[in-house]
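The next block is coords01.pdb, given as PDB, C-alpha atoms.
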```pdb
MODEL        1
ATOM      1  CA  MET A  28     -19.640 -77.073  35.279
ATOM      2  CA  ALA A  29     -21.008 -76.107  38.683
ATOM      3  CA  THR A  30     -22.572 -78.515  41.132
ATOM      4  CA  GLU A  31     -25.956 -76.753  41.028
ATOM      5  CA  ASN A  32     -26.149 -77.459  37.287
ATOM      6  CA  LEU A  33     -26.004 -81.212  37.790
ATOM      7  CA  PRO A  34     -29.026 -83.237  36.680
ATOM      8  CA  THR A  35     -31.349 -84.297  39.460
ATOM      9  CA  SER A  36     -31.261 -87.895  38.240
ATOM     10  CA  ILE A  37     -28.520 -89.999  36.629
ATOM     11  CA  ARG A  38     -28.186 -93.536  35.275
ATOM     12  CA  ALA A  39     -26.544 -96.211  37.426
ATOM     13  CA  LEU A  40     -26.021 -99.990  37.256
ATOM     14  CA  LEU A  41     -27.313-101.415  40.527
ATOM     15  CA  GLN A  42     -26.677-104.869  41.974
ATOM     16  CA  ALA A  43     -29.539-104.773  44.458
ATOM     17  CA  ASP A  44     -29.042-108.245  45.919
ATOM     18  CA  PRO A  45     -25.476-109.050  47.078
ATOM     19  CA  THR A  46     -26.149-112.776  46.624
ATOM     20  CA  SER A  47     -27.391-112.424  43.052
ATOM     21  CA  HIS A  48     -25.732-111.579  39.748
ATOM     22  CA  THR A  49     -28.807-109.601  38.709
ATOM     23  CA  ILE A  50     -28.060-106.009  37.647
ATOM     24  CA  THR A  51     -30.594-103.341  36.786
ATOM     25  CA  LEU A  52     -30.261 -99.919  35.194
ATOM     26  CA  VAL A  53     -31.793 -97.436  37.611
ATOM     27  CA  GLN A  54     -32.061 -93.702  38.158
ATOM     28  CA  ARG A  55     -30.344 -92.156  41.156
ATOM     29  CA  ALA A  56     -29.418 -88.714  42.422
ATOM     30  CA  PRO A  57     -25.816 -87.758  41.599
ATOM     31  CA  PRO A  58     -23.358 -88.398  44.452
ATOM     32  CA  THR A  59     -22.108 -85.611  46.704
ATOM     33  CA  PRO A  60     -18.319 -85.519  47.253
ATOM     34  CA  ASN A  61     -16.824 -85.031  50.694
ATOM     35  CA  PHE A  62     -13.995 -82.542  50.206
ATOM     36  CA  GLU A  63     -12.589 -83.311  53.662
ATOM     37  CA  ALA A  64     -12.025 -86.879  52.456
ATOM     38  CA  ASN A  65     -10.292 -85.605  49.273
ATOM     39  CA  GLU A  66     -13.232 -86.699  47.140
ATOM     40  CA  HIS A  67     -13.760 -85.377  43.601
ATOM     41  CA  LEU A  68     -16.938 -85.482  41.561
ATOM     42  CA  ILE A  69     -16.169 -87.061  38.191
ATOM     43  CA  ARG A  70     -18.269 -86.901  35.039
ATOM     44  CA  VAL A  71     -17.904 -90.484  33.844
ATOM     45  CA  HIS A  72     -17.065 -90.905  30.169
ATOM     46  CA  THR A  73     -16.118 -94.587  30.284
ATOM     47  CA  THR A  74     -15.920 -97.359  32.870
ATOM     48  CA  SER A  75     -14.920-101.005  32.892
ATOM     49  CA  PRO A  76     -16.175-104.033  34.852
ATOM     50  CA  CYS A  77     -13.908-106.671  36.342
ATOM     51  CA  ALA A  78     -14.377-110.405  35.875
ATOM     52  CA  GLY A  79     -15.933-111.915  38.983
ATOM     53  CA  GLU A  80     -16.969-108.603  40.533
ATOM     54  CA  LEU A  81     -20.600-109.685  40.814
ATOM     55  CA  ASN A  82     -19.458-112.389  43.253
ATOM     56  CA  TRP A  83     -17.638-109.980  45.574
ATOM     57  CA  PRO A  84     -20.617-108.569  47.520
ATOM     58  CA  SER A  85     -21.519-112.066  48.733
ATOM     59  CA  LEU A  86     -17.945-112.677  49.928
ATOM     60  CA  VAL A  87     -17.395-109.579  52.058
ATOM     61  CA  THR A  88     -19.199-107.858  54.917
ATOM     62  CA  MET A  89     -20.442-104.546  53.605
ATOM     63  CA  ASP A  90     -20.569-101.390  55.704
ATOM     64  CA  ALA A  91     -23.772 -99.688  54.593
ATOM     65  CA  THR A  92     -22.481 -96.338  55.824
ATOM     66  CA  LEU A  93     -19.598 -96.564  53.312
ATOM     67  CA  LYS A  94     -21.367 -98.370  50.501
ATOM     68  CA  PRO A  95     -25.127 -97.931  50.867
ATOM     69  CA  GLU A  96     -25.704 -99.334  47.372
ATOM     70  CA  ILE A  97     -23.733-101.686  45.163
ATOM     71  CA  ILE A  98     -23.091 -99.764  41.962
ATOM     72  CA  THR A  99     -20.863-101.862  39.714
ATOM     73  CA  CYS A 100     -17.501-101.079  38.052
ATOM     74  CA  ASN A 101     -14.632 -99.296  39.824
ATOM     75  CA  ASP A 102     -12.495 -98.329  36.826
ATOM     76  CA  VAL A 103     -13.262 -94.846  35.554
ATOM     77  CA  ALA A 104     -12.107 -92.319  32.994
ATOM     78  CA  GLY A 105     -13.720 -88.922  33.026
ATOM     79  CA  THR A 106     -13.614 -85.198  33.717
ATOM     80  CA  VAL A 107     -13.302 -83.574  37.131
ATOM     81  CA  ILE A 108     -16.396 -81.501  37.917
ATOM     82  CA  THR A 109     -15.673 -80.424  41.495
ATOM     83  CA  ALA A 110     -12.500 -80.848  43.551
ATOM     84  CA  PRO A 111     -11.292 -80.153  47.100
ATOM     85  CA  PRO A 112      -9.271 -76.970  47.661
ATOM     86  CA  ASN A 113      -5.601 -77.395  46.705
ATOM     87  CA  SER A 114      -6.270 -80.612  44.794
ATOM     88  CA  PRO A 115      -3.843 -81.246  41.911
ATOM     89  CA  PHE A 116      -6.893 -82.364  39.892
ATOM     90  CA  THR A 117      -8.857 -79.194  39.226
ATOM     91  CA  PRO A 118     -12.268 -78.952  37.522
ATOM     92  CA  GLY A 119     -11.904 -79.742  33.842
ATOM     93  CA  ALA A 120      -8.958 -82.129  34.318
ATOM     94  CA  GLN A 121      -9.168 -85.339  32.321
ATOM     95  CA  VAL A 122      -8.419 -88.167  34.729
ATOM     96  CA  TYR A 123      -8.656 -91.874  35.284
ATOM     97  CA  ALA A 124      -8.581 -94.131  38.343
ATOM     98  CA  ARG A 125      -9.338 -97.386  40.032
ATOM     99  CA  THR A 126     -11.656 -96.307  42.833
ATOM    100  CA  SER A 127     -12.088 -98.052  46.177
ATOM    101  CA  TYR A 128     -14.410-101.029  46.209
ATOM    102  CA  TRP A 129     -15.779 -99.815  49.532
ATOM    103  CA  ARG A 130     -17.634 -96.964  47.834
ATOM    104  CA  PRO A 131     -20.368 -97.239  45.192
ATOM    105  CA  GLY A 132     -18.792 -97.854  41.794
ATOM    106  CA  CYS A 133     -18.498 -95.889  38.577
ATOM    107  CA  ALA A 134     -21.124 -97.414  36.293
ATOM    108  CA  ARG A 135     -23.113 -94.180  36.588
ATOM    109  CA  ASP A 136     -23.012 -90.799  34.919
ATOM    110  CA  TYR A 137     -21.235 -89.176  37.885
ATOM    111  CA  ALA A 138     -18.939 -90.906  40.367
ATOM    112  CA  ILE A 139     -16.516 -90.208  43.220
ATOM    113  CA  ALA A 140     -12.714 -90.580  43.215
ATOM    114  CA  THR A 141     -10.126 -89.401  45.714
ATOM    115  CA  SER A 142      -6.858 -87.564  45.193
ATOM    116  CA  GLU A 143      -4.948 -90.723  46.159
ATOM    117  CA  GLU A 144      -6.696 -92.765  43.457
ATOM    118  CA  LEU A 145      -6.525 -90.329  40.545
ATOM    119  CA  ALA A 146      -3.996 -89.712  37.797
ATOM    120  CA  VAL A 147      -4.116 -87.560  34.673
ATOM    121  CA  ARG A 148      -5.053 -89.846  31.799
ATOM    122  CA  PRO A 149      -2.553 -90.224  28.930
ATOM    123  CA  GLN A 150      -3.548 -87.968  26.069
ATOM    124  CA  ASN A 151      -2.484 -90.543  23.487
ATOM    125  CA  LEU A 152      -5.350 -92.777  24.589
ATOM    126  CA  SER A 153      -9.036 -92.526  23.753
ATOM    127  CA  TRP A 154     -11.595 -92.373  26.517
ATOM    128  CA  VAL A 155     -12.427 -96.030  25.907
ATOM    129  CA  GLU A 156      -8.771 -97.078  26.087
ATOM    130  CA  SER A 157      -8.294 -95.030  29.251
ATOM    131  CA  ALA A 158     -10.955 -97.005  31.135
ATOM    132  CA  ALA A 159      -9.196-100.252  30.195
ATOM    133  CA  VAL A 160      -6.056 -99.333  32.148
ATOM    134  CA  PRO A 161      -6.391 -98.709  35.916
ATOM    135  CA  LEU A 162      -7.359-101.962  37.654
ATOM    136  CA  SER A 163      -5.511-104.280  35.295
ATOM    137  CA  ALA A 164      -2.336-102.244  35.009
ATOM    138  CA  GLU A 165      -2.148-101.374  38.718
ATOM    139  CA  THR A 166      -2.657-105.040  39.629
ATOM    140  CA  ALA A 167       0.167-106.056  37.294
ATOM    141  CA  TRP A 168       2.427-103.285  38.613
ATOM    142  CA  GLN A 169       1.870-104.260  42.236
ATOM    143  CA  ALA A 170       2.255-107.987  41.556
ATOM    144  CA  LEU A 171       5.592-107.402  39.859
ATOM    145  CA  PHE A 172       7.110-104.633  41.960
ATOM    146  CA  THR A 173       5.425-104.845  45.374
ATOM    147  CA  GLN A 174       4.567-108.511  45.872
ATOM    148  CA  SER A 175       7.217-110.485  43.969
ATOM    149  CA  GLY A 176      10.222-109.462  46.073
ATOM    150  CA  VAL A 177      12.404-109.276  42.967
ATOM    151  CA  GLY A 178      12.791-105.495  42.782
ATOM    152  CA  GLY A 179      11.304-102.313  41.390
ATOM    153  CA  PHE A 180      10.837-101.260  37.798
ATOM    154  CA  GLY A 181      14.247-100.674  36.237
ATOM    155  CA  ASP A 182      16.132-102.810  38.776
ATOM    156  CA  GLN A 183      18.806-105.029  37.257
ATOM    157  CA  SER A 184      17.611-107.888  39.446
ATOM    158  CA  TRP A 185      14.944-108.670  36.845
ATOM    159  CA  LYS A 186      17.506-109.532  34.167
ATOM    160  CA  GLY A 187      17.408-113.238  33.432
ATOM    161  CA  LYS A 188      14.385-113.980  35.624
ATOM    162  CA  ARG A 189      11.796-116.312  34.145
ATOM    163  CA  VAL A 190       8.205-115.232  34.820
ATOM    164  CA  LEU A 191       5.144-117.345  34.006
ATOM    165  CA  VAL A 192       1.875-115.458  33.484
ATOM    166  CA  THR A 193      -1.392-117.370  33.216
ATOM    167  CA  ALA A 194      -4.178-115.888  31.051
ATOM    168  CA  ALA A 195      -1.614-113.771  29.228
ATOM    169  CA  SER A 196      -4.255-112.380  26.859
ATOM    170  CA  GLY A 197      -6.659-111.357  29.639
ATOM    171  CA  GLY A 198      -7.206-107.992  31.293
ATOM    172  CA  VAL A 199      -4.321-108.226  33.792
ATOM    173  CA  GLY A 200      -2.245-110.644  31.746
ATOM    174  CA  VAL A 201      -1.645-108.219  28.895
ATOM    175  CA  TRP A 202      -0.044-105.771  31.363
ATOM    176  CA  LEU A 203       2.019-108.427  33.111
ATOM    177  CA  VAL A 204       3.438-109.520  29.772
ATOM    178  CA  GLN A 205       4.193-106.019  28.534
ATOM    179  CA  ILE A 206       5.638-104.596  31.754
ATOM    180  CA  GLY A 207       7.396-107.845  32.623
ATOM    181  CA  ALA A 208       9.148-107.854  29.256
ATOM    182  CA  LEU A 209      10.199-104.227  29.765
ATOM    183  CA  THR A 210      12.067-105.217  32.945
ATOM    184  CA  GLY A 211      14.320-107.549  30.982
ATOM    185  CA  ALA A 212      12.711-110.677  32.402
ATOM    186  CA  GLN A 213      11.850-113.605  30.159
ATOM    187  CA  VAL A 214       8.054-113.801  30.201
ATOM    188  CA  ILE A 215       6.250-117.053  29.438
ATOM    189  CA  GLY A 216       2.521-116.703  28.907
ATOM    190  CA  THR A 217      -0.336-119.184  28.860
ATOM    191  CA  CYS A 218      -3.460-118.726  26.756
ATOM    192  CA  SER A 219      -5.625-120.502  24.204
ATOM    193  CA  GLY A 220      -4.166-121.361  20.832
ATOM    194  CA  ARG A 221      -5.954-118.522  19.054
ATOM    195  CA  ASN A 222      -4.155-115.961  21.240
ATOM    196  CA  VAL A 223      -0.625-117.347  21.064
ATOM    197  CA  GLN A 224       0.651-114.872  18.465
ATOM    198  CA  PHE A 225      -1.159-112.031  20.217
ATOM    199  CA  ALA A 226       0.695-112.775  23.475
ATOM    200  CA  LYS A 227       3.997-112.946  21.596
ATOM    201  CA  ASP A 228       3.273-109.565  20.036
ATOM    202  CA  LEU A 229       2.850-108.159  23.550
ATOM    203  CA  GLY A 230       6.359-109.283  24.437
ATOM    204  CA  ALA A 231       6.103-112.880  25.650
ATOM    205  CA  ALA A 232       9.265-114.831  24.876
ATOM    206  CA  GLU A 233       7.327-118.083  24.887
ATOM    207  CA  VAL A 234       3.612-118.858  24.894
ATOM    208  CA  LEU A 235       2.004-122.124  26.021
ATOM    209  CA  ASP A 236      -1.397-123.233  24.775
ATOM    210  CA  TYR A 237      -3.096-124.440  27.941
ATOM    211  CA  HIS A 238      -5.350-126.728  25.890
ATOM    212  CA  SER A 239      -2.432-128.806  24.633
ATOM    213  CA  THR A 240       0.400-128.311  27.158
ATOM    214  CA  ASP A 241       1.133-130.875  29.861
ATOM    215  CA  PHE A 242       2.451-128.485  32.497
ATOM    216  CA  ARG A 243       3.786-131.253  34.708
ATOM    217  CA  ALA A 244       5.874-132.622  31.870
ATOM    218  CA  TRP A 245       6.888-129.152  30.668
ATOM    219  CA  GLY A 246       7.922-128.050  34.147
ATOM    220  CA  ALA A 247       9.881-131.245  34.766
ATOM    221  CA  LYS A 248      12.607-129.977  32.440
ATOM    222  CA  ASP A 249      15.144-127.853  34.316
ATOM    223  CA  GLU A 250      15.433-125.358  31.466
ATOM    224  CA  ASN A 251      11.700-124.624  31.715
ATOM    225  CA  LYS A 252      11.566-123.904  35.461
ATOM    226  CA  VAL A 253      10.513-120.372  36.401
ATOM    227  CA  ASP A 254      11.435-117.943  39.186
ATOM    228  CA  LEU A 255       8.009-116.334  39.456
ATOM    229  CA  VAL A 256       4.438-117.311  38.627
ATOM    230  CA  ILE A 257       1.649-114.743  38.568
ATOM    231  CA  ASP A 258      -1.689-116.480  38.197
ATOM    232  CA  CYS A 259      -4.723-114.567  36.920
ATOM    233  CA  VAL A 260      -7.173-117.470  36.733
ATOM    234  CA  GLY A 261      -7.180-119.709  39.798
ATOM    235  CA  GLY A 262      -8.471-123.278  39.683
ATOM    236  CA  LYS A 263      -6.811-125.730  37.319
ATOM    237  CA  ALA A 264      -4.541-123.059  35.811
ATOM    238  CA  LEU A 265      -3.131-122.248  39.237
ATOM    239  CA  GLU A 266      -2.670-125.924  40.064
ATOM    240  CA  ASP A 267      -0.847-126.539  36.780
ATOM    241  CA  ALA A 268       1.404-123.528  37.318
ATOM    242  CA  TRP A 269       2.831-125.016  40.539
ATOM    243  CA  TRP A 270       4.634-127.680  38.465
ATOM    244  CA  THR A 271       6.745-125.038  36.727
ATOM    245  CA  LEU A 272       8.344-123.569  39.880
ATOM    246  CA  LYS A 273      12.015-123.946  40.663
ATOM    247  CA  ASP A 274      13.249-124.216  44.252
ATOM    248  CA  GLY A 275      13.049-120.848  46.014
ATOM    249  CA  ALA A 276      10.546-119.450  43.499
ATOM    250  CA  THR A 277       7.509-117.272  44.233
ATOM    251  CA  ILE A 278       3.931-117.891  43.157
ATOM    252  CA  ILE A 279       1.356-115.099  43.352
ATOM    253  CA  GLY A 280      -2.394-115.430  42.921
ATOM    254  CA  ILE A 281      -4.782-112.577  42.257
ATOM    255  CA  VAL A 282      -7.918-114.758  42.076
ATOM    256  CA  GLN A 283      -7.276-117.545  44.573
ATOM    257  CA  PRO A 284      -4.649-118.237  47.275
ATOM    258  CA  PRO A 285      -1.987-120.444  45.642
ATOM    259  CA  GLU A 286      -1.625-122.709  48.678
ATOM    260  CA  LYS A 287      -5.183-123.961  48.113
ATOM    261  CA  LYS A 288      -4.230-125.406  44.726
ATOM    262  CA  LYS A 289      -0.794-126.880  45.455
ATOM    263  CA  PRO A 290      -0.753-130.326  43.790
ATOM    264  CA  GLU A 291      -0.256-133.442  45.862
ATOM    265  CA  GLY A 292       3.077-135.111  45.204
ATOM    266  CA  LEU A 293       4.825-131.903  44.148
ATOM    267  CA  GLU A 294       8.360-131.694  45.483
ATOM    268  CA  VAL A 295       9.656-128.138  45.422
ATOM    269  CA  LYS A 296      11.602-126.374  48.176
ATOM    270  CA  GLY A 297      11.484-122.882  49.606
ATOM    271  CA  VAL A 298       8.555-121.591  47.573
ATOM    272  CA  THR A 299       6.894-118.346  48.673
ATOM    273  CA  ASP A 300       3.180-118.225  47.880
ATOM    274  CA  LYS A 301       1.091-115.072  48.099
ATOM    275  CA  PHE A 302      -2.449-113.941  47.447
ATOM    276  CA  PHE A 303      -3.188-110.241  47.202
ATOM    277  CA  ILE A 304      -5.861-107.765  46.191
ATOM    278  CA  MET A 305      -4.593-104.613  44.549
ATOM    279  CA  THR A 306      -4.768-101.283  46.342
ATOM    280  CA  PRO A 307      -5.951 -98.307  44.243
ATOM    281  CA  SER A 308      -2.922 -96.061  43.763
ATOM    282  CA  GLY A 309      -2.699 -92.900  41.720
ATOM    283  CA  LYS A 310       1.087 -92.981  42.126
ATOM    284  CA  ASP A 311       1.332 -96.422  40.522
ATOM    285  CA  LEU A 312      -1.011 -95.244  37.778
ATOM    286  CA  GLU A 313       1.258 -92.256  37.096
ATOM    287  CA  GLU A 314       4.191 -94.625  36.498
ATOM    288  CA  ILE A 315       2.082 -96.704  34.141
ATOM    289  CA  SER A 316       0.976 -93.529  32.339
ATOM    290  CA  LYS A 317       4.621 -92.738  31.586
ATOM    291  CA  LEU A 318       5.046 -96.079  29.821
ATOM    292  CA  ILE A 319       1.858 -95.487  27.838
ATOM    293  CA  GLU A 320       2.881 -91.978  26.803
ATOM    294  CA  GLU A 321       6.290 -93.297  25.739
ATOM    295  CA  GLY A 322       4.594 -95.946  23.580
ATOM    296  CA  LYS A 323       6.131 -98.792  25.587
ATOM    297  CA  ALA A 324       2.850-100.306  26.808
ATOM    298  CA  TRP A 325      -0.791 -99.961  25.855
ATOM    299  CA  PRO A 326      -4.256-101.163  26.921
ATOM    300  CA  VAL A 327      -6.159-103.838  25.052
ATOM    301  CA  VAL A 328      -9.901-103.348  24.575
ATOM    302  CA  ASP A 329     -12.003-106.406  23.831
ATOM    303  CA  SER A 330     -15.338-104.707  23.210
ATOM    304  CA  VAL A 331     -17.281-101.503  23.849
ATOM    305  CA  TRP A 332     -20.898-101.256  24.978
ATOM    306  CA  ALA A 333     -23.355 -98.511  25.827
ATOM    307  CA  LEU A 334     -24.488 -98.511  29.453
ATOM    308  CA  GLU A 335     -27.911 -99.686  28.287
ATOM    309  CA  GLN A 336     -26.180-102.759  26.804
ATOM    310  CA  PHE A 337     -24.776-103.823  30.171
ATOM    311  CA  GLU A 338     -26.226-107.326  29.920
ATOM    312  CA  HIS A 339     -24.274-107.983  26.722
ATOM    313  CA  GLY A 340     -21.140-106.463  28.206
ATOM    314  CA  TYR A 341     -21.242-108.631  31.315
ATOM    315  CA  ALA A 342     -22.051-111.717  29.247
ATOM    316  CA  ARG A 343     -18.941-111.087  27.162
ATOM    317  CA  LEU A 344     -16.857-110.519  30.296
ATOM    318  CA  GLU A 345     -18.028-113.657  32.060
ATOM    319  CA  SER A 346     -17.672-115.811  28.933
ATOM    320  CA  GLY A 347     -13.958-116.140  29.644
ATOM    321  CA  HIS A 348     -13.123-115.374  26.027
ATOM    322  CA  ALA A 349     -12.511-111.625  26.261
ATOM    323  CA  ARG A 350      -9.135-110.484  24.915
ATOM    324  CA  GLY A 351      -8.331-107.496  27.099
ATOM    325  CA  LYS A 352     -11.020-105.363  28.720
ATOM    326  CA  VAL A 353     -14.752-104.918  28.249
ATOM    327  CA  VAL A 354     -15.654-101.207  28.419
ATOM    328  CA  PHE A 355     -18.904 -99.300  28.916
ATOM    329  CA  ASP A 356     -19.009 -95.990  27.049
ATOM    330  CA  LEU A 357     -21.479 -93.718  28.827
ATOM    331  CA  MET A 358     -21.381 -91.235  25.960
ATOM    332  CA  LEU A 359     -23.141 -93.771  23.740
ATOM    333  CA  ASN A 360     -26.921 -93.889  23.773
ATOM    334  CA  VAL A 361     -28.074 -97.191  22.356
ATOM    335  CA  ARG A 362     -31.172 -99.186  23.082
ATOM    336  CA  LYS A 363     -30.769-102.734  24.332
TER
ENDMDL
END
```
With the file now loaded, output its structure as structure tokens.
Amino acid sequence: MATENLPTSIRALLQADPTSHTITLVQRAPPTPNFEANEHLIRVHTTSPCAGELNWPSLVTMDATLKPEIITCNDVAGTVITAPPNSPFTPGAQVYARTSYWRPGCARDYAIATSEELAVRPQNLSWVESAAVPLSAETAWQALFTQSGVGGFGDQSWKGKRVLVTAASGGVGVWLVQIGALTGAQVIGTCSGRNVQFAKDLGAAEVLDYHSTDFRAWGAKDENKVDLVIDCVGGKALEDAWWTLKDGATIIGIVQPPEKKKPEGLEVKGVTDKFFIMTPSGKDLEEISKLIEEGKAWPVVDSVWALEQFEHGYARLESGHARGKVVFDLMLNVRK
């Protein structure tokens, strides 16, 4: 498909006011890629929002030259339409990516992704499943193998480690459980009672119902102490997780800095606490793709919505009850 054959107007989900959660479906001209910046034009088949993303514009200073409009969703699965010379992702390639937050997002019929962000999507996944992978899986990969300090994937140093994952049935949690279990670590997940068996099926050695577990009492037993906590919730869940740490352990937050929720009266020595935001990485995504293609890990899709049903999709996402990822399928044409 050549650039001159693009439609003059495409659909896009716009968050016009950075301080508001209001989203509208608008018409915009398709974006123009900058080949010198390794940008590719992608025909979007599916995209996925991230919990809390509507809060982000009010928390950061936006550079209007980089992100003139706030188009939502940065996960994308689609087909390359145009590519820079010598790109490994040529027109027609089926790809997926987590794109940079500092550019307009992918909840539109055509979007931009760079060579550094892209990977060839696994052919054993559907388009919907493909969009459920990038952000969540890359976040889990980087938490485990970049931030934890334990070691890389396949390192023997993971054997025998105890890893606690909060929100084990959520978008990032399902990847932390699966990949963590593949390392040989003993993964303990937290979730609601209805998702306990689901988390076990993903590979969790033990699952705690956060509605009924007293984490202070549970963590007081030496045999329950963990080497690593990765928190995907913040707030009370993060505070509770502190009680499970052994001396010298590491606690990582992807929603909130752990130090802000350290309980008063907790006596634990030598703990390393970290907060990080994932960096889009096609190389990390390639490693995750290998596990998917080998049938060792897989995405979990909570629900699928047409772009016109965005209000329902975001309501499901923000309800806190989604199991896995909410996905927008731009190939569906459904009225609200």
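Taking all atoms listed in the file into account, Pro161 (chain A) lies nearest to A:Gly309 out of the set A:Pro95, A:Gly309, A:Gly207, A:Gly351.
Nearest to Thr109 (chain A) of all the residues A:Gly340, A:Pro60, A:Gly176, A:Gly211 is A:Pro60, counting all atoms listed in the file.
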Find the residues with any atom within 12 Å of (-6.1, -118.1, 47.8); use all atoms listed in the file and the coordinates as given in the file, and write the answer as a ChimeraX atom specification.
-> /A:258-262,265-266,278-289,300-304
Env of Leu145 (chain A): 9 Å cut, atoms = only C-alpha atoms, seq-sep filter 5 positions within chain, self excluded. Answer as an mmCIF file with C-alpha atoms, keeping the file's coordinate frame.
```
data_model
loop_
_atom_site.group_PDB
_atom_site.id
_atom_site.type_symbol
_atom_site.label_atom_id
_atom_site.label_comp_id
_atom_site.auth_asym_id
_atom_site.auth_seq_id
_atom_site.Cartn_x
_atom_site.Cartn_y
_atom_site.Cartn_z
ATOM 1 C CA PHE A 116 -6.893 -82.364 39.892
ATOM 2 C CA VAL A 122 -8.419 -88.167 34.729
ATOM 3 C CA TYR A 123 -8.656 -91.874 35.284
ATOM 4 C CA ALA A 124 -8.581 -94.131 38.343
ATOM 5 C CA ARG A 125 -9.338 -97.386 40.032
ATOM 6 C CA THR A 126 -11.656 -96.307 42.833
ATOM 7 C CA ALA A 140 -12.714 -90.580 43.215
ATOM 8 C CA PRO A 307 -5.951 -98.307 44.243
ATOM 9 C CA SER A 308 -2.922 -96.061 43.763
ATOM 10 C CA GLY A 309 -2.699 -92.900 41.720
ATOM 11 C CA LYS A 310 1.087 -92.981 42.126
ATOM 12 C CA LEU A 312 -1.011 -95.244 37.778
ATOM 13 C CA GLU A 313 1.258 -92.256 37.096
#
```
Using only C-alpha atoms, the residue out of A:Thr73, A:Thr49, A:Thr193, A:Asn113 with shortest distance to Lys263 (chain A) is A:Thr193
Picked residues, the PyMOL selection byres ((chain A and resi 234-240) around 8), expected as a PDB file with C-alpha atoms, in the coordinates of the input:
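Listing of result-v8.pdb after writing:
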```
ATOM      1  CA  ILE A 215       6.250-117.053  29.438  1.00  0.00           C
ATOM      2  CA  GLY A 216       2.521-116.703  28.907  1.00  0.00           C
ATOM      3  CA  THR A 217      -0.336-119.184  28.860  1.00  0.00           C
ATOM      4  CA  CYS A 218      -3.460-118.726  26.756  1.00  0.00           C
ATOM      5  CA  SER A 219      -5.625-120.502  24.204  1.00  0.00           C
ATOM      6  CA  GLY A 220      -4.166-121.361  20.832  1.00  0.00           C
ATOM      7  CA  VAL A 223      -0.625-117.347  21.064  1.00  0.00           C
ATOM      8  CA  ALA A 226       0.695-112.775  23.475  1.00  0.00           C
ATOM      9  CA  LYS A 227       3.997-112.946  21.596  1.00  0.00           C
ATOM     10  CA  ALA A 231       6.103-112.880  25.650  1.00  0.00           C
ATOM     11  CA  ALA A 232       9.265-114.831  24.876  1.00  0.00           C
ATOM     12  CA  GLU A 233       7.327-118.083  24.887  1.00  0.00           C
ATOM     13  CA  ASP A 241       1.133-130.875  29.861  1.00  0.00           C
ATOM     14  CA  PHE A 242       2.451-128.485  32.497  1.00  0.00           C
ATOM     15  CA  TRP A 245       6.888-129.152  30.668  1.00  0.00           C
TER      16      TRP A 245
END
```
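Our summary of the geometry notes that CA of Trp83 (chain A) is positioned 23.9 Å from CA of Asp311 (chain A).
Coordinates place CA of Val103 (chain A) at a distance of 23.1 Å from CA of Leu171 (chain A).
Considering only C-alpha atoms, the residue among A:Asn222, A:Ser330, A:Thr306, A:Thr59 positioned nearest to Gln169 (chain A) is A:Thr306.
Separating CA of Val204 (chain A) from CA of Val192 (chain A) is a distance of 7.2 Å.
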Neighbour list for Ile139 (chain A) as a count of residues only, cut-off 10 Å, all atoms listed in the file, skip fewer than 3 positions in-chain = 22
Give me the residues within 10 Å of Pro84 (chain A) as a count of residues only, counting only C-alpha atoms and dropping any in the same chain fewer than 6 places off.
-> 8
Looking at A:Phe172, A:Val190, A:Pro115, A:Val295, which one is nearest to Glu143 (chain A), with distances taken over only C-alpha atoms?
-> A:Pro115
Can you tell me, as a VMD selection string, what residues are no more than 10 Å from Asn151 (chain A) when counting only C-alpha atoms, ignoring any on the same chain fewer than 6 positions away?
-> chain A and resid 157 316 319 to 322 325
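Excluding Ala208 (chain A) itself and same-chain residues fewer than 5 positions from it, the residues having an atom within 8 Å of it are Gln213, Val214, Gly230 and Ala231 of chain A, counting all atoms listed in the file.
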Using the chain letters and numbering of this document, enumerate as a PyMOL selection string the residues selected by the PyMOL selection byres ((chain A and resi 188) around 12).
-> chain A and resi 171+175+177-178+182-187+189-191+207-208+210-215+232+251-256+273+276-277
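Distances to Trp270 (chain A) were evaluated for A:Leu81, A:Thr99, A:Ile257, A:Gly246 using all atoms listed in the file, and the minimum falls at A:Gly246.
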Test item: the PyMOL selection byres ((chain A and resi 136) around 10) resolved as a VMD selection string = chain A and resid 34 36 to 40 55 57 to 58 69 to 74 105 133 to 135 137 to 138 334 357 to 358
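Residues with at least one atom no more than 9 Å from (-10.1, -101.5, 25.0), using only C-alpha atoms, are Val155, Glu156, Ser157, Ala158, Ala159, Val160, Pro326, Val327, Val328, Asp329, Ser330, Val331, Gly351, Lys352, Val353 and Val354 of chain A.
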